[in-house]
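As stored in work.cif (mmCIF, C-alpha atoms):
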```
data_upload
#
loop_
_atom_site.group_PDB
_atom_site.id
_atom_site.type_symbol
_atom_site.label_atom_id
_atom_site.label_comp_id
_atom_site.auth_asym_id
_atom_site.auth_seq_id
_atom_site.Cartn_x
_atom_site.Cartn_y
_atom_site.Cartn_z
ATOM 1 C CA MET P 1 10.435 -10.038 -17.333
ATOM 2 C CA ASN P 2 9.034 -13.274 -18.657
ATOM 3 C CA HIS P 3 7.548 -14.524 -15.408
ATOM 4 C CA LYS P 4 3.840 -15.115 -14.960
ATOM 5 C CA ILE P 5 2.749 -12.825 -12.148
ATOM 6 C CA ILE P 6 -0.027 -13.433 -9.649
ATOM 7 C CA LEU P 7 -1.082 -10.243 -7.913
ATOM 8 C CA ALA P 8 -2.588 -11.172 -4.560
ATOM 9 C CA SER P 9 -4.395 -7.876 -4.096
ATOM 10 C CA LYS P 10 -7.860 -6.574 -4.856
ATOM 11 C CA SER P 11 -6.538 -3.003 -4.913
ATOM 12 C CA PRO P 12 -7.548 -1.351 -8.182
ATOM 13 C CA ARG P 13 -4.649 1.084 -7.678
ATOM 14 C CA ARG P 14 -2.046 -1.709 -7.570
ATOM 15 C CA GLN P 15 -3.633 -3.336 -10.599
ATOM 16 C CA GLU P 16 -3.522 -0.061 -12.540
ATOM 17 C CA LEU P 17 0.133 0.551 -11.609
ATOM 18 C CA LEU P 18 1.101 -2.904 -12.907
ATOM 19 C CA ARG P 19 -0.830 -2.287 -16.141
ATOM 20 C CA LEU P 20 1.003 1.026 -16.570
ATOM 21 C CA MET P 21 4.296 -0.864 -16.095
ATOM 22 C CA ASP P 22 3.236 -3.282 -18.887
ATOM 23 C CA VAL P 23 3.387 -6.193 -16.457
ATOM 24 C CA ASP P 24 1.233 -9.172 -17.409
ATOM 25 C CA PHE P 25 -0.575 -10.456 -14.319
ATOM 26 C CA ARG P 26 -3.681 -12.109 -13.006
ATOM 27 C CA VAL P 27 -5.385 -11.444 -9.689
ATOM 28 C CA VAL P 28 -5.816 -14.296 -7.202
ATOM 29 C CA LEU P 29 -7.058 -13.580 -3.696
ATOM 30 C CA LYS P 30 -6.733 -15.561 -0.484
ATOM 31 C CA ASP P 31 -8.006 -14.634 2.945
ATOM 32 C CA VAL P 32 -5.077 -13.959 5.265
ATOM 33 C CA ASP P 33 -5.040 -12.945 8.903
ATOM 34 C CA GLU P 34 -3.251 -9.572 8.927
ATOM 35 C CA SER P 35 -2.355 -9.537 12.619
ATOM 36 C CA TYR P 36 1.271 -9.013 13.594
ATOM 37 C CA PRO P 37 3.518 -9.118 16.678
ATOM 38 C CA GLU P 38 3.324 -5.976 18.802
ATOM 39 C CA ASP P 39 7.077 -5.372 18.950
ATOM 40 C CA LEU P 40 7.639 -4.713 15.228
ATOM 41 C CA SER P 41 8.542 -1.336 13.718
ATOM 42 C CA PRO P 42 6.141 0.092 11.098
ATOM 43 C CA GLU P 43 8.517 -1.002 8.306
ATOM 44 C CA GLU P 44 8.719 -4.511 9.770
ATOM 45 C CA ILE P 45 4.919 -4.679 10.081
ATOM 46 C CA ALA P 46 4.363 -3.865 6.390
ATOM 47 C CA VAL P 47 6.906 -6.494 5.302
ATOM 48 C CA TYR P 48 5.604 -9.063 7.824
ATOM 49 C CA ILE P 49 2.045 -8.785 6.502
ATOM 50 C CA ALA P 50 3.182 -8.858 2.854
ATOM 51 C CA HIS P 51 5.175 -12.029 3.639
ATOM 52 C CA LYS P 52 2.170 -13.592 5.365
ATOM 53 C CA LYS P 53 0.034 -12.901 2.290
ATOM 54 C CA ALA P 54 2.635 -14.546 0.019
ATOM 55 C CA ALA P 55 3.073 -17.567 2.299
ATOM 56 C CA ALA P 56 -0.585 -18.454 1.727
ATOM 57 C CA PHE P 57 0.411 -19.321 -1.887
ATOM 58 C CA ASP P 58 3.665 -21.185 -1.257
ATOM 59 C CA GLU P 59 2.274 -24.704 -1.636
ATOM 60 C CA SER P 60 -0.121 -23.971 -4.509
ATOM 61 C CA ILE P 61 2.066 -22.395 -7.204
ATOM 62 C CA ALA P 62 4.813 -23.729 -9.440
ATOM 63 C CA ASP P 63 6.570 -21.347 -11.805
ATOM 64 C CA GLU P 64 4.582 -18.202 -11.189
ATOM 65 C CA VAL P 65 5.689 -15.208 -9.149
ATOM 66 C CA VAL P 66 3.307 -14.136 -6.401
ATOM 67 C CA LEU P 67 3.332 -10.414 -5.688
ATOM 68 C CA THR P 68 1.897 -9.224 -2.378
ATOM 69 C CA ALA P 69 2.017 -5.841 -0.694
ATOM 70 C CA ASP P 70 0.821 -4.076 2.415
ATOM 71 C CA THR P 71 0.669 -0.311 2.841
ATOM 72 C CA ILE P 72 0.450 1.434 6.175
ATOM 73 C CA VAL P 73 0.343 5.056 7.218
ATOM 74 C CA CYS P 74 2.292 6.097 10.286
ATOM 75 C CA ILE P 75 2.154 9.396 12.176
ATOM 76 C CA ASP P 76 3.934 10.114 15.449
ATOM 77 C CA GLY P 77 4.562 6.388 15.957
ATOM 78 C CA LEU P 78 0.861 5.573 15.529
ATOM 79 C CA ILE P 79 -0.138 3.205 12.728
ATOM 80 C CA LEU P 80 -3.246 4.160 10.791
ATOM 81 C CA GLY P 81 -4.762 1.225 8.962
ATOM 82 C CA LYS P 82 -8.003 1.217 7.024
ATOM 83 C CA PRO P 83 -10.837 3.049 8.780
ATOM 84 C CA ASP P 84 -13.825 1.100 10.116
ATOM 85 C CA THR P 85 -16.393 3.835 9.519
ATOM 86 C CA ALA P 86 -16.768 7.250 7.884
ATOM 87 C CA GLU P 87 -16.395 8.832 11.329
ATOM 88 C CA HIS P 88 -13.140 6.936 11.851
ATOM 89 C CA ALA P 89 -11.911 8.142 8.422
ATOM 90 C CA ILE P 90 -12.689 11.751 9.371
ATOM 91 C CA GLU P 91 -10.819 11.304 12.666
ATOM 92 C CA MET P 92 -7.744 9.938 10.835
ATOM 93 C CA LEU P 93 -7.706 12.753 8.278
ATOM 94 C CA LYS P 94 -7.936 15.341 11.062
ATOM 95 C CA MET P 95 -4.895 13.655 12.610
ATOM 96 C CA LEU P 96 -2.961 13.937 9.310
ATOM 97 C CA SER P 97 -4.085 17.509 8.559
ATOM 98 C CA GLY P 98 -1.269 20.060 8.781
ATOM 99 C CA LYS P 99 1.342 17.412 9.538
ATOM 100 C CA VAL P 100 3.910 15.108 7.951
ATOM 101 C CA HIS P 101 3.322 11.368 7.961
ATOM 102 C CA LYS P 102 5.023 8.308 6.522
ATOM 103 C CA VAL P 103 3.564 5.889 4.023
ATOM 104 C CA ILE P 104 5.266 2.505 4.150
ATOM 105 C CA THR P 105 4.664 -0.272 1.663
ATOM 106 C CA GLY P 106 6.055 -3.717 2.306
ATOM 107 C CA VAL P 107 6.342 -5.969 -0.743
ATOM 108 C CA CYS P 108 6.989 -9.687 -1.068
ATOM 109 C CA LEU P 109 7.782 -11.609 -4.239
ATOM 110 C CA LEU P 110 7.426 -15.371 -3.875
ATOM 111 C CA HIS P 111 9.116 -17.426 -6.587
ATOM 112 C CA LYS P 112 10.014 -21.113 -6.307
ATOM 113 C CA HIS P 113 9.683 -21.066 -2.499
ATOM 114 C CA GLN P 114 12.031 -18.076 -2.225
ATOM 115 C CA TYR P 115 10.764 -14.887 -0.552
ATOM 116 C CA ASN P 116 12.162 -11.589 -1.795
ATOM 117 C CA LYS P 117 11.005 -8.940 0.690
ATOM 118 C CA PHE P 118 11.540 -5.186 0.596
ATOM 119 C CA PHE P 119 9.839 -1.944 1.563
ATOM 120 C CA ASP P 120 9.741 1.708 0.663
ATOM 121 C CA VAL P 121 8.994 4.785 2.773
ATOM 122 C CA SER P 122 7.642 8.116 1.565
ATOM 123 C CA GLU P 123 7.059 11.245 3.642
ATOM 124 C CA VAL P 124 3.823 13.067 2.842
ATOM 125 C CA PHE P 125 3.231 16.697 3.832
ATOM 126 C CA PHE P 126 -0.441 17.654 4.249
ATOM 127 C CA ARG P 127 -1.492 21.273 4.484
ATOM 128 C CA LYS P 128 -4.057 22.169 7.143
ATOM 129 C CA LEU P 129 -7.403 20.908 5.862
ATOM 130 C CA THR P 130 -10.732 22.390 6.875
ATOM 131 C CA ASP P 131 -13.354 20.213 8.553
ATOM 132 C CA ASP P 132 -15.594 20.765 5.515
ATOM 133 C CA GLU P 133 -12.861 19.584 3.093
ATOM 134 C CA ILE P 134 -12.344 16.431 5.148
ATOM 135 C CA THR P 135 -16.032 15.640 5.605
ATOM 136 C CA SER P 136 -16.976 16.227 1.975
ATOM 137 C CA TYR P 137 -14.063 14.051 0.813
ATOM 138 C CA VAL P 138 -15.018 11.172 3.096
ATOM 139 C CA ASN P 139 -18.706 11.429 2.155
ATOM 140 C CA GLU P 140 -17.983 11.560 -1.585
ATOM 141 C CA TYR P 141 -15.098 9.070 -1.879
ATOM 142 C CA MET P 142 -15.759 6.719 1.079
ATOM 143 C CA PRO P 143 -12.053 5.872 1.545
ATOM 144 C CA LEU P 144 -12.702 2.897 3.832
ATOM 145 C CA ASP P 145 -10.418 0.652 1.741
ATOM 146 C CA LYS P 146 -7.373 2.912 2.116
ATOM 147 C CA ALA P 147 -4.736 3.026 4.820
ATOM 148 C CA GLY P 148 -4.840 6.423 6.488
ATOM 149 C CA SER P 149 -8.269 7.117 4.941
ATOM 150 C CA TYR P 150 -7.103 8.768 1.742
ATOM 151 C CA GLY P 151 -5.989 8.170 -1.805
ATOM 152 C CA ILE P 152 -3.245 10.497 -3.017
ATOM 153 C CA GLN P 153 -4.683 10.301 -6.540
ATOM 154 C CA GLU P 154 -8.113 11.475 -5.325
ATOM 155 C CA ARG P 155 -9.418 14.960 -4.526
ATOM 156 C CA ILE P 156 -7.946 15.156 -1.013
ATOM 157 C CA GLY P 157 -4.471 14.349 -2.353
ATOM 158 C CA LEU P 158 -4.794 16.838 -5.187
ATOM 159 C CA ILE P 159 -5.862 19.727 -2.941
ATOM 160 C CA GLY P 160 -4.137 18.830 0.320
ATOM 161 C CA ILE P 161 -0.685 17.380 -0.268
ATOM 162 C CA GLU P 162 1.986 20.059 -0.421
ATOM 163 C CA LYS P 163 4.938 17.762 -1.135
ATOM 164 C CA ILE P 164 6.284 14.245 -0.945
ATOM 165 C CA ASN P 165 9.759 13.051 -0.061
ATOM 166 C CA GLY P 166 10.108 9.700 -1.804
ATOM 167 C CA SER P 167 8.136 7.646 -4.272
ATOM 168 C CA TYR P 168 4.702 8.808 -5.406
ATOM 169 C CA THR P 169 3.713 5.280 -6.468
ATOM 170 C CA ASN P 170 4.640 4.024 -3.002
ATOM 171 C CA VAL P 171 1.986 6.357 -1.584
ATOM 172 C CA VAL P 172 -0.494 5.007 -4.150
ATOM 173 C CA GLY P 173 0.282 1.516 -2.814
ATOM 174 C CA LEU P 174 3.162 -0.062 -4.734
ATOM 175 C CA PRO P 175 6.744 1.227 -5.036
ATOM 176 C CA THR P 176 6.991 0.535 -8.759
ATOM 177 C CA GLU P 177 10.577 1.730 -9.119
ATOM 178 C CA LYS P 178 11.891 -0.805 -6.584
ATOM 179 C CA LEU P 179 9.462 -3.474 -7.775
ATOM 180 C CA TYR P 180 10.701 -3.190 -11.358
ATOM 181 C CA GLN P 181 14.324 -3.719 -10.294
ATOM 182 C CA GLN P 182 13.397 -6.713 -8.132
ATOM 183 C CA LEU P 183 11.375 -8.337 -10.927
ATOM 184 C CA LYS P 184 14.275 -7.857 -13.362
ATOM 185 C CA ASN P 185 16.572 -9.680 -10.945
ATOM 186 C CA LEU P 186 14.385 -12.792 -10.569
#
```

structure tokens encoding of this file:
Amino acid sequence: MNHKIILASKSPRRQELLRLMDVDFRVVLKDVDESYPEDLSPEEIAVYIAHKKAAAFDESIADEVVLTADTIVCIDGLILGKPDTAEHAIEMLKMLSGKVHKVITGVCLLHKHQYNKFFDVSEVFFRKLTDDEITSYVNEYMPLDKAGSYGIQERIGLIGIEKINGSYTNVVGLPTEKLYQQLKNL
């Protein structure tokens, strides 16, 4: 993989995953409206937003590869984005407690005006969490920058997740296994 990579994400988790993959990259951010059409499936929404983020770079890059991603949490057909407040985060975690939800990450690689889009889905099984476990997690970690109000690599993930069907790194925010294959094929 000899391409110069631009990661269009401020997520420290995505940055760390790329470093662990030995991918050379630099971070460049652009403000993008993350709205989407109402009639899309959760998988389509994640890919749509990732594509929108990449399109913001289309006219301003030459040989580099722009990597964008969007992660959403979905339970019972309801999409949980990033919480607005600590109270909202607590409400989301109570919704996830004792249930199975999906984590969907849409990814877009933009290279020479070509968009390579894909997604991954992981099922996450949460045990029943106590109100105290949820509240103390939110107060200590302030997960307002995370879809679904939690980070799998943080305390709540370590004590609350019973199992995962699918990619762990997808739940962190970037399906590295699929990403690696796509980057090799560029």

Please provide the set of residues having any atom within 10 Å of Ile90 of chain P, restricted to all atoms listed in the file, with same-chain residues fewer than 3 positions apart removed, written as a PDB file with C-alpha atoms, in the frame of the given file.
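Below you can see out-v4.pdb, which holds the result:
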```
ATOM      1  CA  PRO P  83     -10.837   3.049   8.780  1.00  0.00           C
ATOM      2  CA  THR P  85     -16.393   3.835   9.519  1.00  0.00           C
ATOM      3  CA  ALA P  86     -16.768   7.250   7.884  1.00  0.00           C
ATOM      4  CA  GLU P  87     -16.395   8.832  11.329  1.00  0.00           C
ATOM      5  CA  LEU P  93      -7.706  12.753   8.278  1.00  0.00           C
ATOM      6  CA  LYS P  94      -7.936  15.341  11.062  1.00  0.00           C
ATOM      7  CA  MET P  95      -4.895  13.655  12.610  1.00  0.00           C
ATOM      8  CA  LEU P  96      -2.961  13.937   9.310  1.00  0.00           C
ATOM      9  CA  ASP P 131     -13.354  20.213   8.553  1.00  0.00           C
ATOM     10  CA  ILE P 134     -12.344  16.431   5.148  1.00  0.00           C
ATOM     11  CA  THR P 135     -16.032  15.640   5.605  1.00  0.00           C
ATOM     12  CA  SER P 136     -16.976  16.227   1.975  1.00  0.00           C
ATOM     13  CA  TYR P 137     -14.063  14.051   0.813  1.00  0.00           C
ATOM     14  CA  VAL P 138     -15.018  11.172   3.096  1.00  0.00           C
ATOM     15  CA  ASN P 139     -18.706  11.429   2.155  1.00  0.00           C
ATOM     16  CA  PRO P 143     -12.053   5.872   1.545  1.00  0.00           C
ATOM     17  CA  GLY P 148      -4.840   6.423   6.488  1.00  0.00           C
ATOM     18  CA  SER P 149      -8.269   7.117   4.941  1.00  0.00           C
ATOM     19  CA  TYR P 150      -7.103   8.768   1.742  1.00  0.00           C
TER      20      TYR P 150
END
```

Please write as an NGL selection string the list of polymer residues whose atoms come within 12 Å of (1.7, 0.7, -6.1), counting all atoms listed in the file and keeping to the coordinates of the file.
:P and (7 or 9 or 11-21 or 67-71 or 103-107 or 119-120 or 151-153 or 167-180)

Looking at P:Ile72, P:Ala54, P:Met92, P:Cys108, which one is nearest to Gln182 of chain P, with distances taken over only C-alpha atoms?
P:Cys108

Using the file's own x, y and z axes, so that the box edges lie along x, y and z, what centre and edge lengths in Å (one decimal) does a box around every listed atom of segment 154-167 of chain P get when 6 Å is added on each side? Give it as AutoDock Vina command-line options.
```
--center_x 0.3 --center_y 13.9 --center_z -2.5 --size_x 31.5 --size_y 24.4 --size_z 17.6
```

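Using only C-alpha atoms, the shortest contact distance between Gln181 of chain P and any of P:Leu109, P:Met142, P:Ala89, P:Val121 is found at P:Leu109.
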
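All polymer residues at most 8 Å from (4.0, 11.4, 7.1), using all atoms listed in the file, appear as Val73, Cys74, Ile75, Leu96, Lys99, Val100, His101, Lys102, Val103, Ser122, Glu123, Val124 and Phe125 of chain P.
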
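Atom CA of His111 of chain P sits 8.5 Å away from atom CA of Asp58 of chain P.
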
What's the separation between atom CA of His51 of chain P and atom CA of Ser35 of chain P, in Å to one decimal place?
12.0 Å

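Residues selected in this file by the PyMOL selection byres ((chain P and resi 31) around 9) comprise Leu29, Lys30, Val32, Asp33, Lys53 and Ala56 of chain P.
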
Export, as a short mmCIF file (atom, residue, chain, number, x, y, z; two decimals), in the coordinates of the input, the selected residues with C-alpha atoms.
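As a result, result-v4.cif now contains:
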```cif
data_model
loop_
_atom_site.label_atom_id
_atom_site.label_comp_id
_atom_site.auth_asym_id
_atom_site.auth_seq_id
_atom_site.Cartn_x
_atom_site.Cartn_y
_atom_site.Cartn_z
CA LEU P 29 -7.06 -13.58 -3.70
CA LYS P 30 -6.73 -15.56 -0.48
CA VAL P 32 -5.08 -13.96 5.26
CA ASP P 33 -5.04 -12.94 8.90
CA LYS P 53 0.03 -12.90 2.29
CA ALA P 56 -0.58 -18.45 1.73
#
```

For the file shown, what are the residues hit by the PyMOL selection byres ((chain P and resi 27) around 6), laid out as a ChimeraX atom specification?
/P:6-8,26,28

Which is closest to Leu129 of chain P among P:Leu144, P:Ala50, P:Leu110, P:Ile159, if we use only C-alpha atoms?
P:Ile159

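Between atom CA of Gly81 of chain P and atom CA of Lys146 of chain P there is a distance of 7.5 Å.
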
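Closest to Phe57 of chain P among P:Lys184, P:Lys10, P:Lys117, P:Lys112 is P:Lys112, based on only C-alpha atoms.
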
Show me, as a list in words, the residues that have an atom within 10 Å of Thr130 of chain P when counting all atoms listed in the file, minus same-chain residues fewer than 2 positions from it.
Lys94, Ser97, Gly98, Arg127, Lys128, Asp132, Glu133, Ile134, Thr135 and Gly160 of chain P

Repair of segment 112-129 of chain P at the level of N, CA, C and O atoms, as a CSV table (one decimal), in the frame of the given file:
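Result file is rebuild.csv:
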```
chain,number,residue,atom,x,y,z
P,112,LYS,N,9.4,-19.8,-6.6
P,112,LYS,CA,10.0,-21.1,-6.3
P,112,LYS,C,10.4,-21.2,-4.8
P,112,LYS,O,11.6,-21.6,-4.5
P,113,HIS,N,9.5,-21.0,-4.0
P,113,HIS,CA,9.7,-21.1,-2.5
P,113,HIS,C,10.7,-20.1,-1.9
P,113,HIS,O,11.1,-20.2,-0.8
P,114,GLN,N,11.1,-19.1,-2.7
P,114,GLN,CA,12.0,-18.1,-2.2
P,114,GLN,C,11.2,-16.8,-2.0
P,114,GLN,O,10.5,-16.4,-2.9
P,115,TYR,N,11.5,-16.1,-0.9
P,115,TYR,CA,10.8,-14.9,-0.6
P,115,TYR,C,11.7,-13.7,-0.7
P,115,TYR,O,12.7,-13.6,0.0
P,116,ASN,N,11.4,-12.8,-1.6
P,116,ASN,CA,12.2,-11.6,-1.8
P,116,ASN,C,11.3,-10.5,-1.2
P,116,ASN,O,10.3,-10.1,-1.7
P,117,LYS,N,11.8,-9.9,0.0
P,117,LYS,CA,11.0,-8.9,0.7
P,117,LYS,C,11.7,-7.6,0.7
P,117,LYS,O,13.0,-7.6,0.9
P,118,PHE,N,11.0,-6.5,0.5
P,118,PHE,CA,11.5,-5.2,0.6
P,118,PHE,C,10.4,-4.2,0.9
P,118,PHE,O,9.3,-4.6,1.0
P,119,PHE,N,10.8,-3.0,1.2
P,119,PHE,CA,9.8,-1.9,1.6
P,119,PHE,C,10.3,-0.6,1.0
P,119,PHE,O,11.5,-0.4,0.7
P,120,ASP,N,9.4,0.3,1.0
P,120,ASP,CA,9.7,1.7,0.7
P,120,ASP,C,9.0,2.6,1.6
P,120,ASP,O,7.9,2.3,2.1
P,121,VAL,N,9.6,3.8,1.9
P,121,VAL,CA,9.0,4.8,2.8
P,121,VAL,C,8.9,6.1,2.1
P,121,VAL,O,9.9,6.6,1.5
P,122,SER,N,7.8,6.8,2.1
P,122,SER,CA,7.6,8.1,1.6
P,122,SER,C,7.1,9.0,2.7
P,122,SER,O,6.2,8.6,3.5
P,123,GLU,N,7.6,10.2,2.7
P,123,GLU,CA,7.1,11.2,3.6
P,123,GLU,C,6.1,12.1,2.9
P,123,GLU,O,6.4,12.6,1.8
P,124,VAL,N,4.9,12.3,3.5
P,124,VAL,CA,3.8,13.1,2.8
P,124,VAL,C,3.5,14.3,3.7
P,124,VAL,O,3.3,14.1,4.9
P,125,PHE,N,3.5,15.5,3.1
P,125,PHE,CA,3.2,16.7,3.8
P,125,PHE,C,1.8,17.2,3.5
P,125,PHE,O,1.6,17.6,2.3
P,126,PHE,N,0.9,17.1,4.4
P,126,PHE,CA,-0.4,17.7,4.2
P,126,PHE,C,-0.5,19.1,4.7
P,126,PHE,O,0.0,19.4,5.8
P,127,ARG,N,-1.2,19.9,4.0
P,127,ARG,CA,-1.5,21.3,4.5
P,127,ARG,C,-2.6,21.1,5.5
P,127,ARG,O,-3.3,20.1,5.6
P,128,LYS,N,-2.9,22.2,6.2
P,128,LYS,CA,-4.1,22.2,7.1
P,128,LYS,C,-5.4,22.1,6.3
P,128,LYS,O,-5.6,23.0,5.5
P,129,LEU,N,-6.1,21.1,6.6
P,129,LEU,CA,-7.4,20.9,5.9
P,129,LEU,C,-8.5,21.4,6.7
P,129,LEU,O,-8.5,21.3,8.0
```
